[in-house]
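Structure data follow from my_file_8.txt (compact mmCIF, C-alpha atoms):
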# COMPACT_ATOMS: atom_id res chain seq x y z
CA MET X 170 -19.27 -38.93 10.83
CA GLU X 171 -22.77 -37.52 11.03
CA VAL X 172 -23.27 -33.79 10.46
CA ILE X 173 -26.06 -31.25 10.25
CA ALA X 174 -25.91 -29.02 7.15
CA ARG X 175 -27.35 -25.70 8.40
CA GLY X 176 -30.38 -27.52 9.76
CA VAL X 177 -31.47 -28.60 6.30
CA PHE X 178 -30.62 -32.30 6.38
CA ARG X 179 -28.65 -34.93 8.26
CA CYS X 180 -25.94 -36.79 6.41
CA LYS X 181 -22.81 -38.89 6.81
CA ILE X 182 -19.43 -37.76 5.44
CA SER X 183 -17.29 -40.33 3.68
CA GLY X 184 -13.90 -39.88 2.00
CA GLY X 185 -12.74 -41.34 -1.29
CA MET X 186 -10.32 -40.80 -4.15
CA THR X 187 -12.48 -38.00 -5.50
CA GLY X 188 -12.74 -36.21 -2.14
CA MET X 189 -15.37 -35.86 0.58
CA ARG X 190 -18.95 -36.89 -0.08
CA ALA X 191 -22.14 -36.32 1.88
CA MET X 192 -24.46 -39.34 2.09
CA PRO X 193 -28.02 -38.43 3.20
CA ILE X 194 -29.51 -40.80 5.76
CA ASN X 195 -33.13 -39.67 6.24
CA THR X 196 -36.11 -40.86 4.23
CA ASN X 197 -39.05 -38.50 4.75
CA VAL X 198 -38.87 -36.31 1.63
CA PRO X 199 -41.14 -33.38 0.64
CA TRP X 200 -42.43 -33.63 -2.91
CA GLY X 201 -41.04 -31.41 -5.63
CA PHE X 202 -37.72 -30.39 -4.05
CA ILE X 203 -34.89 -30.43 -6.64
CA CYS X 204 -31.27 -30.87 -5.62
CA ARG X 205 -28.08 -30.06 -7.56
CA GLY X 206 -27.80 -32.09 -10.76
CA ASP X 207 -31.53 -31.72 -11.51
CA LEU X 208 -32.32 -34.91 -9.60
CA PRO X 209 -35.68 -34.93 -7.80
CA VAL X 210 -34.90 -35.29 -4.14
CA ASN X 211 -37.82 -37.67 -3.65
CA SER X 212 -35.76 -40.27 -5.51
CA LEU X 213 -33.03 -40.08 -2.86
CA PRO X 214 -32.98 -41.22 0.81
CA ILE X 215 -32.91 -37.69 2.22
CA SER X 216 -35.04 -35.50 4.44
CA LEU X 217 -35.37 -31.78 3.69
CA PRO X 218 -37.93 -29.48 5.33
CA ALA X 219 -39.76 -27.19 2.91
CA LEU X 220 -38.07 -23.81 3.17
CA CYS X 221 -40.75 -22.04 1.14
CA SER X 222 -43.93 -23.12 -0.61
CA ILE X 223 -42.99 -21.19 -3.77
CA THR X 224 -39.22 -21.32 -4.19
CA PRO X 225 -37.78 -23.56 -1.46
CA TRP X 226 -34.23 -23.70 -2.80
CA SER X 227 -33.73 -19.99 -3.37
CA THR X 228 -34.97 -19.03 0.08
CA GLY X 229 -32.16 -21.03 1.65
CA PHE X 230 -29.71 -18.28 0.76
CA ALA X 231 -29.69 -14.78 2.23
CA SER X 232 -29.91 -12.05 -0.38
CA ARG X 233 -27.60 -9.07 -0.09
CA ALA X 234 -27.88 -5.74 -1.81
CA VAL X 235 -25.19 -4.80 -4.33
CA ASP X 236 -23.78 -1.31 -4.58
CA PRO X 237 -25.42 0.20 -7.70
CA MET X 238 -22.32 2.37 -8.20
CA ARG X 239 -19.96 -0.61 -8.43
CA PRO X 240 -18.79 -1.29 -12.02
CA LYS X 241 -20.16 -4.50 -13.52
CA ARG X 242 -17.70 -7.17 -14.56
CA PRO X 243 -17.53 -7.68 -18.33
CA ALA X 244 -19.02 -10.78 -19.94
CA SER X 245 -16.45 -13.45 -20.82
CA SER X 246 -15.52 -14.46 -24.36
CA TRP X 247 -17.63 -17.61 -23.91
CA ILE X 248 -20.71 -15.56 -22.96
CA HIS X 249 -20.24 -13.39 -26.06
CA PHE X 250 -20.04 -16.52 -28.19
CA LEU X 251 -23.10 -18.04 -26.52
CA SER X 252 -25.12 -14.90 -27.21
CA ASP X 253 -24.06 -14.97 -30.86
CA PHE X 254 -24.81 -18.71 -31.07
CA ARG X 255 -28.35 -18.19 -29.77
CA LYS X 256 -29.04 -15.51 -32.37
CA LYS X 257 -27.84 -17.78 -35.18
CA ASN X 258 -29.68 -20.88 -33.94
CA THR X 259 -33.13 -19.65 -33.00
CA GLU X 260 -34.67 -22.94 -34.16
CA LEU X 261 -32.93 -24.89 -31.37
CA PRO X 262 -35.00 -25.60 -28.24
CA GLY X 263 -33.83 -23.58 -25.27
CA LYS X 264 -32.70 -26.67 -23.35
CA ASP X 265 -30.38 -27.71 -26.24
CA VAL X 266 -28.72 -24.35 -26.85
CA MET X 267 -26.20 -24.52 -24.00
CA GLY X 268 -25.04 -28.06 -24.77
CA SER X 269 -24.70 -27.45 -28.51
CA ALA X 270 -22.88 -24.16 -28.00
CA SER X 271 -20.52 -25.75 -25.49
CA LYS X 272 -19.58 -28.55 -27.91
CA GLU X 273 -18.92 -26.06 -30.72
CA TRP X 274 -16.87 -23.80 -28.44
CA LYS X 275 -14.60 -26.68 -27.42
CA LEU X 276 -13.86 -27.52 -31.06
CA MET X 277 -13.07 -23.92 -32.06
CA THR X 278 -9.47 -22.79 -32.57
CA SER X 279 -7.91 -19.79 -30.85
CA LEU X 280 -8.24 -17.84 -34.09
CA GLN X 281 -11.96 -18.59 -34.28
CA LYS X 282 -12.41 -17.52 -30.66
CA LYS X 283 -10.42 -14.31 -31.15
CA PRO X 284 -13.38 -12.02 -32.10
CA PHE X 285 -15.13 -12.93 -28.86
CA GLN X 286 -11.92 -12.65 -26.85
CA ASP X 287 -11.33 -9.18 -28.33
CA LYS X 288 -14.77 -8.07 -27.15
CA TYR X 289 -13.95 -9.25 -23.65
CA ASP X 290 -10.48 -7.65 -23.62
CA ALA X 291 -11.88 -4.27 -24.72
CA ALA X 292 -14.60 -4.38 -22.07
CA LYS X 293 -12.08 -5.53 -19.43
CA LYS X 294 -9.88 -2.48 -20.03
CA VAL X 295 -12.84 -0.16 -19.46
CA TYR X 296 -13.86 -2.15 -16.38
CA ASP X 297 -10.36 -1.98 -14.87
CA VAL X 298 -10.30 1.81 -15.21
CA ASP X 299 -13.79 2.18 -13.74
CA GLN X 300 -13.04 -0.26 -10.90
CA ASP X 301 -9.83 1.55 -10.01
CA ALA X 302 -11.70 4.87 -9.87
CA TYR X 303 -14.46 3.23 -7.78
CA VAL X 304 -11.96 1.93 -5.22
CA LYS X 305 -9.99 5.18 -5.02
CA SER X 306 -13.17 7.21 -4.56
CA GLY X 307 -13.82 5.43 -1.25
CA GLN X 308 -17.21 4.13 -2.38
CA MET X 309 -16.13 0.49 -2.16
CA GLU X 310 -14.93 0.88 1.42
CA ALA X 311 -18.08 2.83 2.36
CA TRP X 312 -20.21 -0.06 1.11
CA LYS X 313 -18.24 -2.61 3.16
CA ARG X 314 -18.09 -0.49 6.31
CA ASP X 315 -20.21 2.44 7.40
CA PRO X 316 -17.93 5.51 7.12
CA GLU X 317 -19.91 7.10 9.96
CA LYS X 318 -19.06 4.28 12.36
CA PRO X 319 -16.26 5.12 14.82
CA LYS X 320 -13.05 3.18 14.28
CA LYS X 321 -11.70 0.98 17.04
CA PRO X 322 -8.49 2.27 18.67
CA VAL X 323 -5.26 0.39 18.03
CA SER X 324 -3.72 -1.57 20.90
CA ALA X 325 -0.87 -0.42 23.09
CA PHE X 326 1.53 -2.70 21.25
CA LEU X 327 0.54 -1.28 17.85
CA HIS X 328 1.24 2.23 19.16
CA PHE X 329 4.69 1.02 20.20
CA LEU X 330 5.17 -0.78 16.88
CA GLY X 331 4.39 2.40 14.93
CA GLY X 332 7.12 4.29 16.80
CA TYR X 333 9.55 1.38 16.44
CA ARG X 334 9.08 1.26 12.68
CA THR X 335 9.65 5.02 12.42
CA LYS X 336 12.94 4.70 14.32
CA ASN X 337 14.00 1.69 12.23
CA ALA X 338 12.79 2.68 8.77
CA SER X 339 15.54 0.66 7.08
CA LEU X 340 14.03 -2.63 8.33
CA LYS X 341 11.47 -4.61 6.36
CA VAL X 342 7.93 -4.58 7.74
CA THR X 343 8.00 -8.25 8.78
CA GLU X 344 11.46 -7.97 10.32
CA ALA X 345 10.52 -4.81 12.22
CA SER X 346 7.36 -6.48 13.57
CA LYS X 347 9.30 -9.50 14.87
CA LEU X 348 12.00 -7.39 16.53
CA ALA X 349 9.42 -5.01 18.02
CA ALA X 350 7.46 -7.95 19.46
CA ALA X 351 10.62 -9.25 21.13
CA VAL X 352 11.43 -5.82 22.60
CA TRP X 353 7.83 -5.37 23.77
CA LYS X 354 7.91 -8.73 25.54
CA ASP X 355 10.96 -7.72 27.59
CA MET X 356 9.63 -4.26 28.49
CA SER X 357 8.49 -3.59 32.05
CA ALA X 358 4.96 -2.45 32.95
CA GLU X 359 6.38 1.01 33.64
CA GLN X 360 7.93 1.19 30.15
CA LYS X 361 4.65 0.08 28.55
CA GLN X 362 2.56 2.52 30.60
CA PRO X 363 2.64 5.46 28.09
CA TYR X 364 1.33 3.21 25.32
CA GLU X 365 -1.25 1.60 27.60
CA LYS X 366 -2.47 5.05 28.67
CA GLN X 367 -2.74 6.19 25.04
CA TYR X 368 -4.84 3.13 24.25
CA LYS X 369 -7.13 3.59 27.28
CA ASP X 370 -7.73 7.27 26.45
CA GLU X 371 -8.61 6.40 22.85
CA LYS X 372 -10.78 3.48 24.01
CA ASN X 373 -12.82 5.77 26.27
CA LYS X 374 -13.38 8.19 23.40
CA TYR X 375 -14.33 5.29 21.13
CA ASP X 376 -16.87 3.93 23.64
CA GLU X 377 -18.55 7.33 23.92
CA ALA X 378 -18.59 7.78 20.15
CA MET X 379 -20.13 4.30 19.72
CA LYS X 380 -22.92 5.12 22.18
CA LEU X 381 -23.83 8.22 20.16
CA TYR X 382 -23.55 6.24 16.91
CA LYS X 383 -25.90 3.50 18.16
CA VAL X 384 -28.51 6.01 19.35
CA SER X 385 -28.34 8.08 16.15
CA GLY X 386 -29.86 5.32 14.00
CA LYS X 387 -27.06 5.63 11.44
CA GLU X 388 -26.12 1.97 11.80
CA GLU X 389 -29.65 0.77 10.96
CA ALA X 390 -29.83 3.17 8.01
CA TRP X 391 -26.52 1.91 6.63
CA LYS X 392 -27.54 -1.74 7.05
CA ALA X 393 -30.84 -1.08 5.30
CA LYS X 394 -28.98 0.58 2.42
CA THR X 395 -26.46 -2.23 1.97
CA GLY X 396 -28.78 -5.15 2.77
CA LYS X 397 -26.66 -6.30 5.72
CA THR X 398 -28.05 -7.69 8.96
CA SER X 399 -26.47 -8.12 12.34
CA PRO X 400 -25.50 -11.74 13.18
CA LYS X 401 -26.00 -11.02 16.89
CA ILE X 402 -29.57 -9.87 16.29
CA GLY X 403 -30.22 -12.96 14.19
CA ARG X 404 -28.92 -15.30 16.90
CA ALA X 405 -30.89 -13.51 19.59
CA THR X 406 -34.10 -13.81 17.58
CA ALA X 407 -33.46 -17.49 16.93
CA GLY X 408 -32.88 -18.05 20.63
CA LYS X 409 -36.19 -16.40 21.53
CA LYS X 410 -38.02 -18.55 18.99
CA LYS X 411 -36.52 -21.75 20.48
CA THR X 412 -37.49 -20.65 24.00
CA ALA X 413 -41.04 -19.88 22.86
CA ALA X 414 -41.29 -23.28 21.14
CA LYS X 415 -40.36 -25.06 24.38

Whole structure, C-alpha cells version:
Amino acid sequence: MEVIARGVFRCKISGGMTGMRAMPINTNVPWGFICRGDLPVNSLPISLPALCSITPWSTGFASRAVDPMRPKRPASSWIHFLSDFRKKNTELPGKDVMGSASKEWKLMTSLQKKPFQDKYDAAKKVYDVDQDAYVKSGQMEAWKRDPEKPKKPVSAFLHFLGGYRTKNASLKVTEASKLAAAVWKDMSAEQKQPYEKQYKDEKNKYDEAMKLYKVSGKEEAWKAKTGKTSPKIGRATAGKKKTAAK
C-alpha cells in the first residue's frame, strides 16, 4: 500500500512480526537531511523536499505556546542521576556521557537509585499540589478554550435527559442514559416539542452571541496568546495557494 506522509515523502507500508514499517520508494534526496536514528537520508532511497534551509526537520512540526502559569513536571530520578553523573565525569566527551550514564544506571540497585528517586518523589508532591490548584483555578480550562467564547447549547435530547436523570436519581448514569434514549425514541413530535423549542431558543441566542464574539476580535487575541491557529483558515489558505499555482 502506497501512502503520502503529510506531503513529505511517498512510501509503501509493509507488515511483519515487529509491526508496520514504512519503506521509502523515491530516490531524489536533498543533501544534509537527517532522519531518525542519525542516518543521513542521502544514504536511503527516499525523496524529501527541503522544509527549511536552516533547520528542515524542526520546521516540519507546528510550535504551540505553553501556558506560563502551568506547573512544570518534575525531573525523573534518571534525569537527576544523569545530572549528577555529568558533574562527576566532566572529562567524558559529551557524546559519551549519555551512553555511559545509561549503562551505569541499569547496573545500579534500588538502594543506589533511592537518593535520586527521593528527589523526584519530593518534587512530585509539590507538583501535584500546584497542578491541582492550577486546574481548580480555571486557568487550565481557559488555556484550552477561550472563556469569552459562547458555549454551544445542548440538544433537545440532552435537555430531556437532564430532567429524566433528576426524576430517576437512584439510577446509574449509564443506565439512566440508556433508558432515557429508549423513552425519547418512542416519544411523539408533540411530546418532544418543549425540548426542541428550548434548544431552538438557546441556539438563536448562541448564534447572536457568536456573531458579536467574532466581530469583537477576542478570538484572534486568545489564539495569539495561546499559539493556536484555526484549521479552517489553514485549509483555506492552502486551497488558495494551489489555485494560484495552477

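Near Val323 (chain X), within 7 Å and counting all atoms listed in the file, sit X:Leu327, X:His328, X:Tyr368; same-chain residues fewer than 4 positions away were not included.
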
Within 9 Å of region 380-384 of chain X, counting only C-alpha atoms, which residues show up once you throw out same-chain ones fewer than 4 positions away? Write them as a PyMOL selection string, please. chain X and resi 317-319+375-376+388-389

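With only C-alpha atoms as the atoms that count, the residue of X:Gly332, X:Trp247, X:Lys241, X:Asn373 with the shortest distance to Tyr289 (chain X) is X:Trp247.
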
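The closest residue to Met238 (chain X), picked from X:Ala393, X:Ala358, X:Val304, X:Ala351 and counting all atoms listed in the file, is X:Val304.
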
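Between CA of Gly331 (chain X) and CA of Asp301 (chain X) lies a distance of 28.7 Å.
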
CA of Met309 (chain X) to CA of Lys392 (chain X) measures 14.8 Å
